[in-house]
$ cat work-v5.tsv   # TSV, C-alpha atoms and all ligand atoms
chain	number	residue	atom	x	y	z
A	5	MET	CA	62.78	6.21	-19.34
A	6	THR	CA	63.05	3.62	-22.08
A	7	ARG	CA	60.27	1.94	-24.02
A	8	ALA	CA	60.67	-1.08	-21.70
A	9	ASP	CA	60.27	1.16	-18.61
A	10	PHE	CA	57.14	2.59	-20.19
A	11	ALA	CA	55.71	-0.90	-20.72
A	12	ARG	CA	56.36	-1.72	-17.05
A	13	ARG	CA	54.33	1.33	-15.96
A	14	ILE	CA	51.45	1.02	-18.41
A	15	PRO	CA	50.07	-2.37	-19.41
A	16	VAL	CA	50.10	-2.59	-23.22
A	17	THR	CA	50.06	-5.40	-25.73
A	18	PRO	CA	53.16	-5.99	-27.90
A	19	ASP	CA	51.12	-4.76	-30.89
A	20	VAL	CA	50.31	-1.43	-29.21
A	21	LEU	CA	53.91	-1.02	-28.11
A	22	ASP	CA	55.07	-1.62	-31.66
A	23	ARG	CA	52.63	0.99	-33.00
A	24	LEU	CA	53.77	3.51	-30.37
A	25	GLN	CA	57.35	2.85	-31.48
A	26	ARG	CA	56.40	3.56	-35.10
A	27	TYR	CA	54.85	6.84	-33.95
A	28	ALA	CA	57.99	7.74	-31.94
A	29	ASP	CA	60.25	6.97	-34.92
A	30	LEU	CA	58.16	9.11	-37.27
A	31	LEU	CA	58.15	11.98	-34.78
A	32	VAL	CA	61.94	11.95	-34.49
A	33	LYS	CA	62.23	11.86	-38.29
A	34	TRP	CA	59.85	14.79	-38.86
A	35	GLN	CA	61.25	16.78	-35.93
A	36	ALA	CA	64.37	17.40	-38.05
A	37	ARG	CA	62.18	19.37	-40.48
A	38	ILE	CA	59.41	20.91	-38.37
A	39	ASN	CA	59.28	21.74	-34.70
A	40	LEU	CA	56.75	19.24	-33.37
A	41	VAL	CA	57.77	19.15	-29.70
A	42	GLY	CA	60.37	21.01	-27.66
A	43	PRO	CA	63.72	19.67	-28.98
A	44	SER	CA	65.05	19.22	-25.41
A	45	THR	CA	62.20	16.78	-24.65
A	46	ILE	CA	63.12	14.29	-27.41
A	47	PRO	CA	65.57	12.25	-25.27
A	48	ALA	CA	62.80	11.85	-22.68
A	49	LEU	CA	60.10	11.08	-25.27
A	50	TRP	CA	58.79	7.92	-23.57
A	51	GLU	CA	58.27	9.66	-20.24
A	52	ARG	CA	57.48	13.27	-21.13
A	53	HIS	CA	55.13	12.49	-24.00
A	54	MET	CA	54.15	8.80	-24.21
A	55	LEU	CA	53.65	8.10	-20.48
A	56	ASP	CA	52.17	11.53	-19.83
A	57	SER	CA	49.53	10.86	-22.51
A	58	ALA	CA	49.00	7.14	-21.88
A	59	GLN	CA	48.15	7.63	-18.21
A	60	LEU	CA	44.81	9.13	-19.30
A	61	THR	CA	43.54	5.80	-20.65
A	62	ALA	CA	42.83	4.59	-17.10
A	63	HIS	CA	40.35	7.45	-16.60
A	64	LEU	CA	38.61	7.64	-19.98
A	65	PRO	CA	35.00	6.53	-20.43
A	66	SER	CA	34.18	4.57	-23.57
A	67	GLY	CA	33.05	6.61	-26.57
A	68	PRO	CA	34.48	9.30	-28.82
A	69	VAL	CA	37.24	11.55	-27.52
A	70	LEU	CA	37.97	15.14	-28.57
A	71	ASP	CA	41.60	16.24	-28.13
A	72	LEU	CA	42.08	20.00	-28.27
A	73	GLY	CA	45.28	21.56	-29.70
A	74	SER	CA	46.81	18.16	-30.45
A	75	GLY	CA	50.13	19.47	-31.77
A	76	ALA	CA	52.22	16.39	-32.52
A	77	GLY	CA	49.51	14.13	-31.08
A	78	PHE	CA	49.83	14.36	-27.31
A	79	PRO	CA	47.77	13.10	-25.73
A	80	GLY	CA	45.21	12.39	-28.51
A	81	LEU	CA	47.12	10.18	-30.91
A	82	VAL	CA	48.58	8.05	-28.10
A	83	LEU	CA	45.02	7.48	-26.86
A	84	ALA	CA	43.83	6.54	-30.36
A	85	ILE	CA	46.64	3.98	-30.64
A	86	MET	CA	46.08	2.56	-27.17
A	87	ARG	CA	42.33	2.28	-26.85
A	88	GLY	CA	40.86	2.63	-30.30
A	89	GLY	CA	38.71	5.50	-31.31
A	90	PRO	CA	37.43	7.50	-32.61
A	91	VAL	CA	39.69	10.21	-31.28
A	92	HIS	CA	39.16	13.60	-32.88
A	93	LEU	CA	42.37	15.61	-33.06
A	94	VAL	CA	41.85	19.36	-33.42
A	95	GLU	CA	44.89	21.31	-34.54
A	96	SER	CA	45.08	24.68	-36.30
A	97	ASP	CA	48.61	24.28	-37.72
A	98	VAL	CA	48.59	22.82	-41.23
A	99	ARG	CA	52.03	21.17	-41.01
A	100	LYS	CA	51.28	19.52	-37.67
A	101	CYS	CA	48.06	18.19	-39.21
A	102	ALA	CA	50.05	16.67	-42.10
A	103	PHE	CA	52.21	14.94	-39.50
A	104	LEU	CA	49.17	13.75	-37.52
A	105	ARG	CA	47.55	12.26	-40.63
A	106	GLU	CA	50.75	10.42	-41.58
A	107	ALA	CA	51.26	9.18	-38.00
A	108	ALA	CA	47.64	7.98	-37.79
A	109	ARG	CA	48.01	6.15	-41.11
A	110	LEU	CA	51.28	4.50	-40.12
A	111	THR	CA	49.99	3.37	-36.72
A	112	GLU	CA	46.53	2.37	-37.99
A	113	ALA	CA	45.01	4.62	-35.35
A	114	ASP	CA	41.31	5.41	-35.37
A	115	ALA	CA	41.90	9.17	-35.39
A	116	VAL	CA	40.14	11.98	-37.27
A	117	VAL	CA	42.25	15.08	-37.88
A	118	HIS	CA	40.42	18.44	-37.94
A	119	ASN	CA	42.65	21.21	-39.29
A	120	VAL	CA	40.62	24.07	-37.80
A	121	ARG	CA	40.56	26.34	-34.80
A	122	ILE	CA	38.53	24.62	-32.13
A	123	GLU	CA	36.22	27.64	-31.82
A	124	THR	CA	35.01	27.08	-35.40
A	125	LEU	CA	34.37	23.33	-35.18
A	126	ALA	CA	30.67	22.41	-35.35
A	127	PRO	CA	29.83	20.32	-32.27
A	128	PHE	CA	29.20	16.56	-32.33
A	129	PRO	CA	28.68	14.17	-29.40
A	130	VAL	CA	31.79	13.19	-27.45
A	131	ALA	CA	32.27	11.23	-24.23
A	132	ALA	CA	35.52	12.91	-23.20
A	133	ILE	CA	37.61	16.00	-23.91
A	134	THR	CA	41.37	15.99	-23.42
A	135	ALA	CA	44.05	18.67	-23.69
A	136	ARG	CA	47.64	19.35	-22.73
A	137	ALA	CA	49.54	22.63	-22.87
A	138	LEU	CA	46.88	24.49	-24.85
A	139	ALA	CA	45.54	27.22	-22.54
A	140	PRO	CA	44.78	28.02	-18.90
A	141	LEU	CA	41.74	26.14	-17.57
A	142	ALA	CA	39.22	29.01	-17.87
A	143	LYS	CA	40.18	29.57	-21.51
A	144	LEU	CA	40.21	25.82	-22.16
A	145	LEU	CA	36.62	25.50	-20.94
A	146	GLU	CA	35.57	28.39	-23.16
A	147	MET	CA	37.20	26.65	-26.13
A	148	ALA	CA	35.48	23.37	-25.25
A	149	GLU	CA	32.11	24.97	-24.44
A	150	ASN	CA	30.23	23.81	-27.56
A	151	PHE	CA	31.10	20.20	-26.72
A	152	LEU	CA	30.30	20.30	-22.99
A	153	HIS	CA	27.31	18.38	-21.62
A	154	PRO	CA	26.66	17.05	-18.10
A	155	ALA	CA	28.04	13.57	-18.83
A	156	VAL	CA	31.21	14.60	-20.63
A	157	HIS	CA	34.52	13.87	-18.87
A	158	CYS	CA	37.23	16.52	-19.20
A	159	LEU	CA	40.75	15.21	-18.63
A	160	PHE	CA	43.28	18.01	-18.67
A	161	LEU	CA	46.99	17.50	-18.05
A	162	LYS	CA	48.27	20.34	-15.93
A	163	GLY	CA	51.64	21.30	-14.51
A	164	ARG	CA	52.56	23.30	-11.47
A	165	GLY	CA	50.06	26.11	-12.22
A	166	GLY	CA	46.99	23.88	-12.07
A	167	GLU	CA	45.69	25.10	-8.71
A	168	GLU	CA	45.88	28.77	-9.67
A	169	GLU	CA	44.07	27.98	-12.93
A	170	LEU	CA	41.34	26.18	-11.00
A	171	THR	CA	40.77	29.14	-8.68
A	172	ASP	CA	40.47	31.41	-11.66
A	173	ALA	CA	38.18	29.08	-13.65
A	174	ARG	CA	35.83	28.68	-10.68
A	175	LYS	CA	34.90	32.38	-10.98
A	176	ASP	CA	32.85	31.45	-14.06
A	177	TRP	CA	32.46	27.67	-14.04
A	178	MET	CA	31.00	25.00	-11.76
A	179	MET	CA	32.18	21.40	-11.91
A	180	THR	CA	32.76	18.15	-10.09
A	181	LEU	CA	36.50	17.81	-9.68
A	182	GLU	CA	38.93	14.97	-9.10
A	183	ARG	CA	42.66	15.70	-8.91
A	184	ILE	CA	44.86	12.81	-10.02
A	185	PRO	CA	48.63	13.01	-9.44
A	186	SER	CA	50.60	12.70	-12.68
A	187	LEU	CA	52.65	9.55	-13.28
A	188	ALA	CA	55.02	11.46	-15.54
A	189	ASP	CA	55.55	14.75	-13.72
A	190	SER	CA	56.00	14.94	-9.96
A	191	SER	CA	54.63	18.50	-9.90
A	192	GLY	CA	51.83	17.80	-12.36
A	193	GLN	CA	48.28	16.52	-12.12
A	194	ILE	CA	45.34	15.44	-14.20
A	195	LEU	CA	42.26	17.54	-13.64
A	196	HIS	CA	39.30	15.23	-14.14
A	197	LEU	CA	36.17	17.39	-14.43
A	198	ARG	CA	32.57	16.34	-14.79
A	199	GLU	CA	29.23	18.20	-14.83
A	200	VAL	CA	30.97	21.33	-16.06
A	201	HIS	CA	28.67	24.29	-16.61
A	202	ARG	CA	28.77	28.05	-16.40
A	203	GLY	CA	28.00	29.51	-12.99
A	204	ARG	CA	29.59	30.49	-9.73
A	205	ASP	CA	29.46	28.65	-6.41
A	206	GLU	CA	28.34	31.38	-3.96
A	207	ARG	CA	28.50	29.20	-0.81
B	1	LIG	C1	51.77	24.08	-26.95
B	1	LIG	S1	51.10	23.11	-28.20
B	1	LIG	C2	50.67	21.63	-27.33
B	1	LIG	C3	50.51	20.48	-28.25
B	1	LIG	C4	50.19	19.13	-27.58
B	1	LIG	N1	48.87	19.13	-26.96
B	1	LIG	C5	51.24	18.75	-26.57
B	1	LIG	O1	50.98	18.85	-25.37
B	1	LIG	O2	52.36	18.39	-26.99
B	1	LIG	C6	49.49	23.82	-28.50
B	1	LIG	C7	48.95	23.43	-29.86
B	1	LIG	O3	47.62	23.91	-29.97
B	1	LIG	C8	47.42	24.46	-31.26
B	1	LIG	N2	46.35	25.47	-31.11
B	1	LIG	C9	46.45	26.67	-30.46
B	1	LIG	N3	45.26	27.29	-30.46
B	1	LIG	C10	44.39	26.47	-31.11
B	1	LIG	C11	43.00	26.57	-31.44
B	1	LIG	N4	42.28	27.65	-31.08
B	1	LIG	N5	42.43	25.56	-32.12
B	1	LIG	C12	43.17	24.47	-32.48
B	1	LIG	N6	44.49	24.33	-32.20
B	1	LIG	C13	45.09	25.31	-31.53
B	1	LIG	C14	48.78	25.01	-31.66
B	1	LIG	O4	48.95	25.06	-33.07
B	1	LIG	C15	49.72	24.01	-31.02
B	1	LIG	O5	50.06	22.97	-31.90
$ encode --input "work-v5.tsv" --output "structure tokens"
Amino acid sequence: MTRADFARRIPVTPDVLDRLQRYADLLVKWQARINLVGPSTIPALWERHMLDSAQLTAHLPSGPVLDLGSGAGFPGLVLAIMRGGPVHLVESDVRKCAFLREAARLTEADAVVHNVRIETLAPFPVAAITARALAPLAKLLEMAENFLHPAVHCLFLKGRGGEEELTDARKDWMMTLERIPSLADSSGQILHLREVHRGRDER
């Protein structure tokens, strides 16, 4: 998938596309020095990373977003570029945070980088929580627990194992669930959770 293919799938302004390109260029440049994403995924950057992240914009409520384990900025930094912020990027690795700060500066993204482990971050109000490739769902909800409230939307990008993770998470958590097929991965889905709270459905 090229940048032009991406723009055919996701409606974006020329300005946003230009800022995404700046982000892509910086990522390729830094990737030579630090491992930001799997090297084999670089040729498919616009599909595997940009489209995969950008598809979440259609499902996000307005208001602050918290992106857990942002790594090189997927999906959080793409969302900050596409829809404005604030998007809070939580990442424990110091070098990845240096990259995220530089990428946010260069793309004029409304992103706040928190170089901490998510478990230690003092909670603040957010409208949505996003994550990709951080942890299985049950663990992810534990990590997000301080930020959960009935109105928060959780949008988690999941691959093939999503169903198994759901079964496991439902042993300890109740939620309203919508499954959305991924635009970027034929075996993947977005788990859109609302009203997440601890408990077990005994019906
Ligand atoms: C597999 S990477 C995924 C990165 C990105 N979300 C993506 O999909 O490309 C997971 C990232 O989460 C970070 N991480 C792991 N545990 C964390 C924690 N408890 N708090 C904050 N970041 C964490 C790691 O440093 C790593 O960059």
$ atom_distance --input "work-v5.tsv" --atom1 "atom C15 of ligand LIG 1 (chain B)" --atom2 "atom CA of Glu169 of chain A"
19.4 Å
$ residues_around --input "work-v5.tsv" --residues "segment 141-155 of chain A" --least-positions-apart "6" --cutoff "12 Å" --atoms "all atoms listed in the file" --output "VMD selection string"
chain A and resid 65 to 73 94 121 to 135 161 to 163 165 to 180 194 to 202
$ axis_aligned_box --input "work-v5.tsv" --around "ligand LIG 1 (chain B)" --padding-each-side "8 Å" --output "JSON"
{"center_x": 47.3, "center_y": 23.0, "center_z": -29.2, "size_x": 26.1, "size_y": 25.3, "size_z": 23.7}
$ atom_distance --input "work-v5.tsv" --atom1 "atom CA of Gly80 of chain A" --atom2 "atom C8 of ligand LIG 1 (chain B)"
12.6 Å
$ residues_around --input "work-v5.tsv" --residues "segment 16-32 of chain A" --least-positions-apart "2" --cutoff "12 Å" --atoms "all atoms listed in the file" --output "PyMOL selection string"
chain A and resi 6-14+34-43+45-51+53-55+57-59+61-62+75-78+81-88+100+102-113
$ atom_distance --input "work-v5.tsv" --atom1 "atom C6 of ligand LIG 1 (chain B)" --atom2 "atom CA of Ala137 of chain A"
5.8 Å
$ closest_residue --input "work-v5.tsv" --among "A:Pro79, A:Pro185, A:Gly89, A:Pro140" --to "ligand LIG 1 (chain B)" --atoms "only C-alpha atoms and all ligand atoms"
A:Pro79
$ closest_residue --input "work-v5.tsv" --among "A:Lys33, A:Leu138, A:Ala115, A:Pro90" --to "ligand LIG 1 (chain B)" --atoms "all atoms listed in the file"
A:Leu138
$ closest_residue --input "work-v5.tsv" --among "A:Leu93, A:Val116, A:Leu187, A:Val156" --to "ligand LIG 1 (chain B)" --atoms "all atoms listed in the file"
A:Leu93
$ closest_residue --input "work-v5.tsv" --among "A:Glu182, A:Asp114, A:Glu206, A:Asp56" --to "ligand LIG 1 (chain B)" --atoms "all atoms listed in the file"
A:Asp56
$ closest_residue --input "work-v5.tsv" --among "A:Val120, A:Leu159, A:His63, A:Met5" --to "ligand LIG 1 (chain B)" --atoms "all atoms listed in the file"
A:Val120
$ decode --input "work-v5.tsv" --residues "segment 16-53 of chain A" --atoms "N, CA and C atoms" --output "tab-separated table (two decimals), in the first residue's frame"
chain	number	residue	atom	x	y	z
A	16	VAL	N	-8.47	12.12	4.34
A	16	VAL	CA	-7.58	13.04	5.08
A	16	VAL	C	-7.32	14.28	4.23
A	17	THR	N	-7.04	15.37	4.88
A	17	THR	CA	-6.71	16.59	4.15
A	17	THR	C	-5.26	16.49	3.66
A	18	PRO	N	-4.89	17.27	2.64
A	18	PRO	CA	-3.49	17.26	2.18
A	18	PRO	C	-2.52	17.61	3.32
A	19	ASP	N	-2.94	18.51	4.21
A	19	ASP	CA	-2.07	18.89	5.33
A	19	ASP	C	-1.80	17.70	6.24
A	20	VAL	N	-2.84	16.95	6.57
A	20	VAL	CA	-2.66	15.77	7.44
A	20	VAL	C	-1.78	14.73	6.75
A	21	LEU	N	-2.01	14.54	5.47
A	21	LEU	CA	-1.21	13.57	4.73
A	21	LEU	C	0.27	13.97	4.72
A	22	ASP	N	0.51	15.24	4.58
A	22	ASP	CA	1.88	15.75	4.59
A	22	ASP	C	2.53	15.52	5.97
A	23	ARG	N	1.75	15.73	7.03
A	23	ARG	CA	2.31	15.54	8.37
A	23	ARG	C	2.56	14.05	8.65
A	24	LEU	N	1.67	13.19	8.14
A	24	LEU	CA	1.90	11.75	8.28
A	24	LEU	C	3.17	11.33	7.52
A	25	GLN	N	3.38	11.96	6.38
A	25	GLN	CA	4.59	11.65	5.60
A	25	GLN	C	5.85	12.06	6.37
A	26	ARG	N	5.79	13.23	7.02
A	26	ARG	CA	6.94	13.67	7.82
A	26	ARG	C	7.24	12.66	8.94
A	27	TYR	N	6.16	12.17	9.54
A	27	TYR	CA	6.30	11.16	10.61
A	27	TYR	C	6.93	9.89	10.04
A	28	ALA	N	6.44	9.43	8.89
A	28	ALA	CA	6.97	8.21	8.26
A	28	ALA	C	8.46	8.38	7.93
A	29	ASP	N	8.82	9.54	7.40
A	29	ASP	CA	10.22	9.79	7.03
A	29	ASP	C	11.12	9.75	8.27
A	30	LEU	N	10.65	10.38	9.35
A	30	LEU	CA	11.45	10.40	10.59
A	30	LEU	C	11.61	8.99	11.14
A	31	LEU	N	10.53	8.22	11.07
A	31	LEU	CA	10.58	6.85	11.59
A	31	LEU	C	11.63	6.02	10.83
A	32	VAL	N	11.62	6.14	9.52
A	32	VAL	CA	12.59	5.38	8.71
A	32	VAL	C	14.02	5.82	9.06
A	33	LYS	N	14.19	7.11	9.26
A	33	LYS	CA	15.52	7.64	9.60
A	33	LYS	C	16.00	7.10	10.96
A	34	TRP	N	15.15	7.16	11.96
A	34	TRP	CA	15.53	6.72	13.30
A	34	TRP	C	15.65	5.19	13.39
A	35	GLN	N	14.89	4.50	12.56
A	35	GLN	CA	14.88	3.04	12.60
A	35	GLN	C	16.28	2.48	12.34
A	36	ALA	N	17.11	3.23	11.60
A	36	ALA	CA	18.48	2.79	11.34
A	36	ALA	C	19.29	2.75	12.64
A	37	ARG	N	18.88	3.54	13.63
A	37	ARG	CA	19.65	3.62	14.89
A	37	ARG	C	18.99	2.84	16.03
A	38	ILE	N	17.67	2.94	16.14
A	38	ILE	CA	16.99	2.19	17.21
A	38	ILE	C	15.82	1.41	16.62
A	39	ASN	N	15.53	0.29	17.22
A	39	ASN	CA	14.50	-0.58	16.70
A	39	ASN	C	13.12	-0.06	17.14
A	40	LEU	N	12.47	0.67	16.25
A	40	LEU	CA	11.18	1.27	16.62
A	40	LEU	C	10.02	0.36	16.28
A	41	VAL	N	10.08	-0.26	15.12
A	41	VAL	CA	9.06	-1.24	14.70
A	41	VAL	C	9.79	-2.44	14.10
A	42	GLY	N	9.10	-3.54	13.94
A	42	GLY	CA	9.72	-4.71	13.32
A	42	GLY	C	10.27	-4.32	11.96
A	43	PRO	N	11.57	-4.55	11.71
A	43	PRO	CA	12.20	-4.11	10.45
A	43	PRO	C	11.45	-4.63	9.21
A	44	SER	N	10.89	-5.83	9.30
A	44	SER	CA	10.21	-6.41	8.12
A	44	SER	C	8.91	-5.67	7.80
A	45	THR	N	8.42	-4.85	8.72
A	45	THR	CA	7.15	-4.14	8.49
A	45	THR	C	7.35	-2.78	7.82
A	46	ILE	N	8.61	-2.33	7.70
A	46	ILE	CA	8.87	-1.00	7.13
A	46	ILE	C	8.34	-0.86	5.69
A	47	PRO	N	8.57	-1.85	4.81
A	47	PRO	CA	8.05	-1.69	3.44
A	47	PRO	C	6.52	-1.56	3.40
A	48	ALA	N	5.85	-2.08	4.41
A	48	ALA	CA	4.38	-2.01	4.45
A	48	ALA	C	3.89	-0.97	5.46
A	49	LEU	N	4.73	0.04	5.69
A	49	LEU	CA	4.44	1.04	6.73
A	49	LEU	C	3.05	1.67	6.62
A	50	TRP	N	2.62	2.01	5.39
A	50	TRP	CA	1.34	2.73	5.24
A	50	TRP	C	0.15	1.83	5.56
A	51	GLU	N	0.30	0.54	5.35
A	51	GLU	CA	-0.81	-0.36	5.68
A	51	GLU	C	-0.71	-0.87	7.11
A	52	ARG	N	0.44	-1.44	7.44
A	52	ARG	CA	0.59	-2.13	8.73
A	52	ARG	C	0.55	-1.17	9.92
A	53	HIS	N	1.00	0.06	9.70
A	53	HIS	CA	1.06	0.99	10.84
A	53	HIS	C	0.13	2.19	10.69
